Structure formats: structure tokens, C-alpha cells
Amino acid sequence: AMLRAEENNLLATTKTTVLFGLLTLRIGMQLVSAITVFEGVSAFYVFLDDCLSGDPYFRWGLPNFERGLSWVSGIVGANAVIFGIVGLRSARTLHLPSMQLFRRFQAGFMIWIVIWFVMVGMPVDFQYVDVPVVESGPLARAPWTPRKQI
């Protein structure tokens, strides 16, 4: 029992690198957990809005991946809420196995964010238009006028 009390005291008073070491591990865990809950609620809200309205909030990347990415985002969002609550609770009780579980979820969540960015955030569809180099006057309408893509 004494070892557990010392471990809790050590976890409660250990400084972190968050905000240049101003926060303890407990406060850092609470902050990261609250942000995780907020991100999860946001992702799950977008998923529910897409499902209920039938009109997507935004394009989910390539058309053949849209439905799967939307569902995975909703599931990850719901898990972020659950694990964020686990993180908040473990920060209060300083239960080390729960803190480690939350940390493992955060690692997986970061991998999902990178995958989501690559699949949804990065794909861009460029539409080029040919316009005359000379933008005004009769030369702009002439068929032999050089054109450039913009």
C-alpha cells in the first residue's frame, strides 16, 4: 500500500514537457483527455450529420472510399470520447494501467489522424482552364492567340 501511495505522489507531482514544464502529469493528462473528448465529439457529430441528413458535411476523399472513411471516422470518434473519459478518470485516480491504455489509444489515434489527412485532406482535384495570354482586345478572341492554362 505504501508503494502505491508513493507511486501516486510521484505521478501527481512529476513535471511534464507540456507548456515548458509548468504542468504536472495529472494536469497534462486532464488537458489531453479533454481535447481528445472534444475531437471525438466533433468527429462523431460530423459522422451522424452525414448519416442522418444524407448530405455529406464535406467530401471524404476518393469517391470509392467515402463511405468507409466516414464510418471509420465515426467509430474512431466514438472511441475517442470513451478513451478521453478513461484518460480523465485515470488522471484523477492516477491508475497507471488506465494511463497506459490511454497512451496506447493516443498513439493509434495519431496514426488515424495521419491516415485521414492523407486520404481526405490531401487529395485535390485541379481544374485547369485555357485562357488567352492577351486578356483583352480583339487578339484575345483570335483563334491563333497563344493560350495558357490557369
# chains A, B, ... in the order shown; residues from 1 in each chain; ligands from 1
>>> residues_around(residues="A:Ile75", least_positions_apart="3", cutoff="9 Å", atoms="only C-alpha atoms", output="list in words")
Ala43, Phe44, Phe47, Ser70, Trp71, Val72, Ala78, Asn79 and Ala80 of chain A
>>> write_last_selection(atoms="C-alpha atoms", output="short mmCIF file (atom, residue, chain, number, x, y, z; two decimals), in the first residue's frame")
data_model
loop_
_atom_site.label_atom_id
_atom_site.label_comp_id
_atom_site.auth_asym_id
_atom_site.auth_seq_id
_atom_site.Cartn_x
_atom_site.Cartn_y
_atom_site.Cartn_z
CA ALA A 43 -15.83 13.58 -35.41
CA PHE A 44 -18.89 11.66 -34.22
CA PHE A 47 -20.50 11.26 -38.93
CA SER A 70 -16.91 8.15 -42.92
CA TRP A 71 -17.74 5.05 -40.89
CA VAL A 72 -14.18 4.61 -39.62
CA ALA A 78 -16.83 7.40 -30.52
CA ASN A 79 -13.71 5.63 -29.22
CA ALA A 80 -12.00 8.98 -28.69
#
>>> residues_around(residues="A:Pro56", least_positions_apart="5", cutoff="12 Å", atoms="only C-alpha atoms", output="VMD selection string")
chain A and resid 45 to 51 61 63 66 to 67 70
>>> atom_distance(atom1="atom CA of A:Trp116", atom2="atom CA of A:Val86")
23.7 Å
>>> closest_residue(among="A:Leu23, A:Gly77, A:Arg103, A:Thr145", to="A:Ser90", atoms="only C-alpha atoms")
A:Arg103
>>> atom_distance(atom1="atom CA of A:Met99", atom2="atom CA of A:Gly40")
18.1 Å
